[in-house]
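This is input_10.txt. It holds compact mmCIF, C-alpha atoms.
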```txt
# COMPACT_ATOMS: atom_id res chain seq x y z
CA MET S 1 65.56 111.91 103.63
CA GLU S 2 66.55 113.54 100.35
CA LYS S 3 69.97 112.67 98.99
CA TRP S 4 72.21 114.37 96.50
CA ASN S 5 75.83 114.24 95.42
CA GLY S 6 78.24 116.67 97.02
CA SER S 7 78.95 118.08 93.56
CA SER S 8 75.39 119.46 93.36
CA VAL S 9 75.70 121.38 96.64
CA THR S 10 76.20 125.10 96.02
CA GLY S 11 77.90 125.80 99.33
CA PHE S 12 78.41 125.06 103.01
CA LEU S 13 77.98 126.85 106.31
CA LEU S 14 80.96 126.36 108.64
CA LEU S 15 80.07 126.64 112.32
CA GLY S 16 83.61 127.67 113.21
CA LEU S 17 85.09 127.73 116.71
CA SER S 18 82.51 129.79 118.61
CA GLU S 19 79.14 131.52 118.33
CA LYS S 20 79.86 134.14 121.01
CA HIS S 21 80.79 137.57 119.65
CA ASN S 22 83.33 138.42 122.40
CA VAL S 23 85.06 135.06 122.03
CA LYS S 24 85.20 135.48 118.25
CA ILE S 25 86.95 138.85 118.60
CA ILE S 26 89.52 137.37 120.98
CA LEU S 27 90.08 134.41 118.65
CA PHE S 28 90.42 136.72 115.66
CA VAL S 29 93.18 138.75 117.35
CA LEU S 30 94.92 135.57 118.56
CA PHE S 31 94.88 133.79 115.20
CA LEU S 32 95.85 136.96 113.32
CA MET S 33 98.93 137.30 115.53
CA MET S 34 99.77 133.61 115.07
CA TYR S 35 99.32 133.95 111.31
CA MET S 36 101.63 136.97 111.13
CA ILE S 37 104.28 135.20 113.22
CA THR S 38 103.97 132.13 111.00
CA VAL S 39 104.40 133.98 107.71
CA ILE S 40 107.13 136.38 108.90
CA GLY S 41 109.04 133.67 110.80
CA ASN S 42 109.05 131.18 107.93
CA ILE S 43 109.95 133.83 105.33
CA PHE S 44 112.87 134.87 107.56
CA LEU S 45 113.97 131.25 107.90
CA ILE S 46 113.86 130.67 104.13
CA THR S 47 115.73 133.94 103.54
CA VAL S 48 118.44 132.98 106.03
CA CYS S 49 118.85 129.49 104.49
CA VAL S 50 119.17 131.01 101.00
CA CYS S 51 121.41 133.98 101.86
CA GLU S 52 123.87 132.29 104.20
CA PRO S 53 126.37 130.00 102.34
CA ARG S 54 127.09 128.05 105.55
CA LEU S 55 123.49 126.83 105.51
CA HIS S 56 123.64 125.46 101.97
CA THR S 57 123.53 121.91 103.30
CA PRO S 58 120.94 119.09 103.01
CA MET S 59 119.55 119.76 106.50
CA TYR S 60 118.69 123.37 105.67
CA TYR S 61 117.52 122.47 102.17
CA PHE S 62 114.84 120.29 103.77
CA LEU S 63 114.18 122.96 106.40
CA GLY S 64 113.54 125.48 103.61
CA ASN S 65 111.02 123.07 102.09
CA LEU S 66 109.34 122.72 105.49
CA SER S 67 109.07 126.49 105.91
CA PHE S 68 107.56 126.86 102.43
CA ILE S 69 105.00 124.15 103.23
CA ASP S 70 104.13 125.87 106.51
CA ILE S 71 103.52 129.21 104.78
CA CYS S 72 101.23 127.58 102.20
CA TYR S 73 99.52 125.49 104.90
CA SER S 74 98.68 128.61 106.89
CA LEU S 75 97.45 130.40 103.75
CA THR S 76 95.09 127.48 103.11
CA VAL S 77 93.40 127.50 106.52
CA VAL S 78 93.95 130.67 108.56
CA PRO S 79 92.68 133.49 106.24
CA ASN S 80 89.38 131.67 105.82
CA LEU S 81 89.21 131.11 109.58
CA LEU S 82 89.74 134.83 110.20
CA ASN S 83 87.00 135.62 107.69
CA GLN S 84 84.60 133.30 109.54
CA LEU S 85 85.26 135.08 112.83
CA ILE S 86 84.36 138.57 111.58
CA ALA S 87 82.37 138.14 108.37
CA SER S 88 80.87 135.26 106.38
CA ARG S 89 81.00 131.64 107.45
CA ARG S 90 79.83 130.39 104.07
CA MET S 91 82.06 128.56 101.58
CA SER S 92 81.28 127.34 98.07
CA PHE S 93 81.54 123.66 97.21
CA SER S 94 84.47 124.32 94.89
CA GLY S 95 86.18 126.36 97.61
CA CYS S 96 85.64 123.56 100.10
CA ALA S 97 87.01 120.96 97.68
CA ALA S 98 90.05 123.13 96.89
CA GLN S 99 90.76 123.70 100.59
CA MET S 100 90.38 120.00 101.40
CA TYR S 101 92.75 118.93 98.63
CA THR S 102 95.33 121.64 99.39
CA TYR S 103 95.58 121.03 103.13
CA LEU S 104 95.76 117.24 102.58
CA PHE S 105 98.43 117.77 99.91
CA LEU S 106 100.56 120.01 102.13
CA GLY S 107 99.90 117.96 105.28
CA GLY S 108 100.83 114.69 103.55
CA THR S 109 103.98 116.27 102.12
CA GLU S 110 104.99 117.53 105.57
CA CYS S 111 104.45 114.10 107.12
CA VAL S 112 106.89 112.47 104.70
CA LEU S 113 109.29 115.43 104.79
CA LEU S 114 109.63 115.20 108.59
CA ALA S 115 110.60 111.53 108.17
CA VAL S 116 113.16 112.49 105.50
CA MET S 117 114.59 115.14 107.84
CA GLY S 118 114.86 112.45 110.52
CA TYR S 119 116.69 110.20 108.05
CA ASP S 120 119.06 113.08 107.25
CA ARG S 121 119.93 113.44 110.95
CA TYR S 122 120.25 109.64 111.24
CA VAL S 123 122.87 109.51 108.48
CA ALA S 124 124.67 112.61 109.81
CA ILE S 125 125.04 111.15 113.33
CA LEU S 126 125.62 107.46 112.55
CA PHE S 127 127.64 107.80 109.33
CA PRO S 128 129.35 111.22 109.50
CA LEU S 129 132.21 110.27 107.18
CA ARG S 130 129.85 109.01 104.46
CA TYR S 131 127.22 111.72 104.96
CA THR S 132 128.11 113.86 101.93
CA CYS S 133 128.16 110.76 99.71
CA ILE S 134 124.78 109.44 100.87
CA ILE S 135 122.90 112.75 101.21
CA ASN S 136 124.27 114.51 98.13
CA LYS S 137 122.56 117.11 95.94
CA SER S 138 120.85 114.51 93.73
CA ALA S 139 119.60 112.58 96.78
CA CYS S 140 118.16 115.80 98.26
CA ILE S 141 116.22 116.57 95.07
CA ILE S 142 114.93 112.98 94.78
CA LEU S 143 113.87 112.83 98.44
CA ALA S 144 112.15 116.23 98.28
CA GLY S 145 110.40 115.21 95.06
CA PHE S 146 109.22 111.98 96.72
CA CYS S 147 107.74 114.03 99.60
CA TRP S 148 105.78 116.33 97.26
CA ALA S 149 104.63 113.43 95.05
CA SER S 150 103.43 111.46 98.10
CA GLY S 151 101.45 114.45 99.35
CA CYS S 152 99.85 114.92 95.93
CA LEU S 153 98.79 111.26 95.71
CA VAL S 154 97.46 111.18 99.27
CA ALA S 155 95.40 114.33 98.75
CA LEU S 156 93.97 113.06 95.47
CA LEU S 157 92.83 109.74 96.95
CA ASP S 158 91.35 111.20 100.14
CA THR S 159 89.59 114.09 98.37
CA VAL S 160 88.08 112.01 95.56
CA PHE S 161 86.74 109.28 97.86
CA THR S 162 85.41 111.84 100.36
CA LEU S 163 83.68 114.25 97.96
CA GLN S 164 81.93 111.51 95.98
CA LEU S 165 79.77 110.68 99.02
CA PRO S 166 76.09 111.75 98.80
CA LEU S 167 74.97 114.21 101.47
CA CYS S 168 71.81 114.11 103.58
CA GLY S 169 70.19 117.49 103.06
CA ASN S 170 72.56 119.10 105.53
CA ASN S 171 75.26 121.47 104.32
CA VAL S 172 76.37 122.61 107.80
CA ILE S 173 79.98 121.66 108.61
CA ASP S 174 80.73 121.60 112.32
CA HIS S 175 84.31 122.74 111.88
CA PHE S 176 86.40 125.79 110.97
CA PHE S 177 87.62 124.35 107.65
CA CYS S 178 86.64 121.63 105.17
CA GLU S 179 88.21 118.71 106.95
CA ALA S 180 87.77 115.28 105.34
CA THR S 181 86.66 113.32 108.43
CA THR S 182 84.11 116.02 109.30
CA TYR S 183 82.71 115.99 105.74
CA ILE S 184 82.24 112.20 105.99
CA LYS S 185 79.96 112.67 109.02
CA MET S 186 77.40 114.44 106.78
CA ALA S 187 77.16 111.54 104.30
CA CYS S 188 73.98 109.50 104.18
CA ALA S 189 75.46 106.63 102.16
CA ASP S 190 77.76 104.03 103.67
CA ALA S 191 81.10 105.79 104.07
CA PHE S 192 83.06 102.62 104.88
CA ILE S 193 85.19 102.75 101.71
CA ALA S 194 86.06 106.44 102.19
CA LYS S 195 86.96 105.80 105.84
CA MET S 196 89.16 102.82 104.87
CA VAL S 197 90.89 104.88 102.18
CA ILE S 198 91.66 107.66 104.68
CA PHE S 199 92.84 105.12 107.26
CA SER S 200 94.98 103.20 104.75
CA VAL S 201 96.49 106.38 103.34
CA GLY S 202 97.14 107.50 106.93
CA ILE S 203 99.17 104.33 107.55
CA PHE S 204 101.34 105.09 104.50
CA VAL S 205 101.80 108.83 104.92
CA LEU S 206 101.46 109.29 108.68
CA LEU S 207 101.96 106.17 110.80
CA MET S 208 104.85 104.65 108.81
CA PRO S 209 106.85 107.93 108.65
CA CYS S 210 106.18 108.46 112.36
CA ILE S 211 107.45 104.97 113.28
CA PHE S 212 110.43 105.35 110.94
CA THR S 213 111.32 108.73 112.47
CA PHE S 214 111.16 107.58 116.09
CA MET S 215 113.08 104.36 115.33
CA SER S 216 115.77 106.54 113.72
CA TYR S 217 115.89 108.68 116.84
CA ILE S 218 116.25 105.67 119.11
CA ARG S 219 119.38 104.73 117.14
CA ILE S 220 120.55 108.35 117.19
CA ILE S 221 120.12 108.65 120.99
CA PHE S 222 122.11 105.45 121.61
CA THR S 223 124.86 106.76 119.31
CA ILE S 224 124.92 110.17 121.03
CA VAL S 225 125.16 108.56 124.47
CA GLY S 226 128.23 106.65 123.24
CA ILE S 227 130.07 109.84 122.23
CA GLN S 228 132.89 110.40 124.74
CA SER S 229 133.15 114.18 124.37
CA SER S 230 130.48 116.13 126.26
CA GLU S 231 130.78 118.91 123.68
CA GLY S 232 130.25 116.39 120.89
CA ARG S 233 127.19 114.96 122.64
CA TYR S 234 125.71 118.44 123.09
CA LYS S 235 126.33 119.42 119.45
CA ALA S 236 124.83 116.16 118.15
CA PHE S 237 121.79 116.41 120.40
CA SER S 238 121.19 120.11 119.65
CA THR S 239 120.90 119.41 115.90
CA CYS S 240 118.24 116.76 116.56
CA ALA S 241 116.27 118.21 119.48
CA SER S 242 114.48 120.84 117.38
CA HIS S 243 113.29 118.30 114.85
CA LEU S 244 112.18 115.87 117.57
CA ILE S 245 110.02 118.57 119.21
CA VAL S 246 108.40 119.42 115.87
CA VAL S 247 107.61 115.82 114.89
CA THR S 248 106.15 115.04 118.33
CA ILE S 249 103.67 117.94 118.08
CA PHE S 250 102.73 117.35 114.45
CA TYR S 251 102.56 113.54 114.36
CA GLY S 252 100.83 113.30 117.73
CA THR S 253 97.88 115.52 116.81
CA ALA S 254 97.60 114.28 113.21
CA ILE S 255 97.55 110.61 114.30
CA PHE S 256 94.75 111.41 116.76
CA MET S 257 92.68 112.85 113.89
CA TYR S 258 93.28 110.32 111.12
CA MET S 259 94.17 107.02 112.77
CA LYS S 260 91.02 106.66 114.86
CA PRO S 261 87.41 105.76 113.96
CA VAL S 262 85.30 108.71 112.75
CA SER S 263 82.92 109.71 115.55
CA LYS S 264 79.88 111.94 115.19
CA ASP S 265 80.11 113.16 118.79
CA SER S 266 83.67 114.50 119.03
CA GLY S 267 83.32 117.77 117.10
CA GLY S 268 84.54 120.07 119.87
CA LEU S 269 87.59 117.95 120.66
CA GLU S 270 88.45 117.52 116.97
CA LYS S 271 88.32 121.28 116.42
CA MET S 272 90.72 121.87 119.29
CA VAL S 273 93.11 119.17 118.08
CA SER S 274 92.87 120.50 114.51
CA VAL S 275 94.16 123.88 115.71
CA PHE S 276 97.26 122.11 117.04
CA TYR S 277 98.21 120.54 113.71
CA THR S 278 96.98 123.23 111.26
CA VAL S 279 97.79 126.53 113.01
CA THR S 280 100.29 125.86 115.81
CA PRO S 281 103.12 123.84 114.15
CA PRO S 282 103.64 126.28 111.23
CA MET S 283 104.07 129.07 113.80
CA LEU S 284 106.31 127.09 116.16
CA ASN S 285 108.63 125.54 113.54
CA PRO S 286 110.69 128.66 112.74
CA ILE S 287 110.80 129.63 116.44
CA ILE S 288 111.96 126.17 117.54
CA TYR S 289 114.55 125.81 114.80
CA SER S 290 115.88 129.33 115.38
CA MET S 291 116.08 129.12 119.16
CA ARG S 292 117.52 125.61 119.32
CA ASN S 293 119.96 125.88 116.41
CA LYS S 294 123.25 127.75 116.82
CA ASP S 295 123.96 127.91 113.06
CA VAL S 296 120.54 129.43 112.31
CA LYS S 297 120.93 132.02 115.09
CA MET S 298 124.36 133.02 113.80
CA ALA S 299 123.11 133.23 110.21
CA LEU S 300 120.05 135.22 111.32
CA ASN S 301 122.27 137.71 113.14
CA LYS S 302 124.40 138.08 109.99
CA VAL S 303 121.37 138.73 107.77
CA LEU S 304 119.91 141.26 110.23
CA TRP S 305 123.28 143.02 110.52
CA ARG S 306 123.52 143.25 106.72
CA ILE S 307 120.03 144.78 106.59
CA ILE S 308 120.96 147.34 109.28
CA GLN S 309 124.21 148.21 107.49
CA HIS S 310 122.35 148.61 104.19
CA LYS S 311 119.85 151.01 105.78
CA ILE S 312 122.61 153.05 107.45
CA MET S 313 124.56 153.37 104.21
CA HIS S 314 121.50 154.60 102.29
CA LYS S 315 120.39 157.22 104.81
```

Spit out the file's structure as structure tokens when you get a sec.
Amino acid sequence: MEKWNGSSVTGFLLLGLSEKHNVKIILFVLFLMMYMITVIGNIFLITVCVCEPRLHTPMYYFLGNLSFIDICYSLTVVPNLLNQLIASRRMSFSGCAAQMYTYLFLGGTECVLLAVMGYDRYVAILFPLRYTCIINKSACIILAGFCWASGCLVALLDTVFTLQLPLCGNNVIDHFFCEATTYIKMACADAFIAKMVIFSVGIFVLLMPCIFTFMSYIRIIFTIVGIQSSEGRYKAFSTCASHLIVVTIFYGTAIFMYMKPVSKDSGGLEKMVSVFYTVTPPMLNPIIYSMRNKDVKMALNKVLWRIIQHKIMHK
């Protein structure tokens, strides 16, 4: 079989989620609504965190970073998915490489950021009197910078080792975006090194943050149980519950994709799981944090009231 480097391929055909016209229309409407909710919800959340002085705290600084990542993450995957459903399913090699790097960069950053947000809650619950000293402005900037730098490094390693693989005369990708493990399935050379790089990077950026986050929450839960005041227990738990829901959804689906052997026969299942960590979490994050967080709801009401007042005054 003829071989060539991925760099010489002019483009790919993405099979997408379905071949049936009626199903594609339904999926287009569904994902368009999810995309609009994602963008509007996260922009609202960032606006509230910036405009409300009460939310100028480390927790909401990290939450603002998460919302920005979610907007960019959706922009990387969903518009192209919508285009596949109603128009062309073709993508250039450079477009595929750019999409692969960007989603790995943002996904890796989010993995580490969720662990940092867990650490923030850990310090706030276990060391409330020292919280402002430990998680100060400088610490927030350093931790956020570490998250973005980790995502950049992870994406660079995974993308370089994946795209250097020679392909086997087949430029059809059985997925709805240029996902690294799916690209590896098309390689005709031994992909062991690329698979080991993805697995090793996954341990650093996915498994270790996941373990760290859940160990932090075990300590947090024991501390909350020991609080004598029922009101204090509720307040402490409410600040952590939203984050715990988010990390469970995101880490669970991402670990399934990247911490298991690459299989050539699990395309349908992988597509479904990919929807849960590329499309669903960015949409759910602002909803979960808004509904479960009293401070965010109060700040959101204030911002909306200011907008209404501004419109009334200028009529």

key: Test item: residues at most 8 Å from stretch 200-215 of chain S, only C-alpha atoms, excluding those fewer than 3 positions along its chain, as a ChimeraX atom specification   = /S:108,111-112,114-115,118-119,150-151,154,158,196-197,218-219,247,251,254-255,258-259

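Across the model, the gap from atom CA of S:Ile220 to atom CA of S:Leu126 is 6.9 Å.
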
task = Give the answer as one residue: which of S:Ala144, S:Ser88, S:Glu19, S:Val172 has the shortest atom-to-atom distance to S:Gly64, using all atoms listed in the file?
result =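 Comparing S:Ala144, S:Ser88, S:Glu19, S:Val172 against S:Gly64, the winner is S:Ala144.
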
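The two atoms in question, atom CA of S:Tyr122 and atom CA of S:Val39, are spaced 29.3 Å apart.
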
ask   = So which one's closest to S:Tyr277, S:Pro166, S:Gly226, S:Gly107, S:Gly145? Using all atoms listed in the file, please.
value = S:Gly107

request  = Step by step: start from the point (103.4, 133.1, 111.7) in the file's coordinates, keep every protein, DNA or RNA residue that has an atom no farther than 10 Å from it, count all atoms listed in the file, and write the set as a ChimeraX atom specification.
outcome  = /S:31-43,70-71,74,279-287

message = Between atom CA of S:Lys24 and atom CA of S:Gln84, what distance in Å does the model show, to one decimal?
response =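 The value is 9.0 Å.
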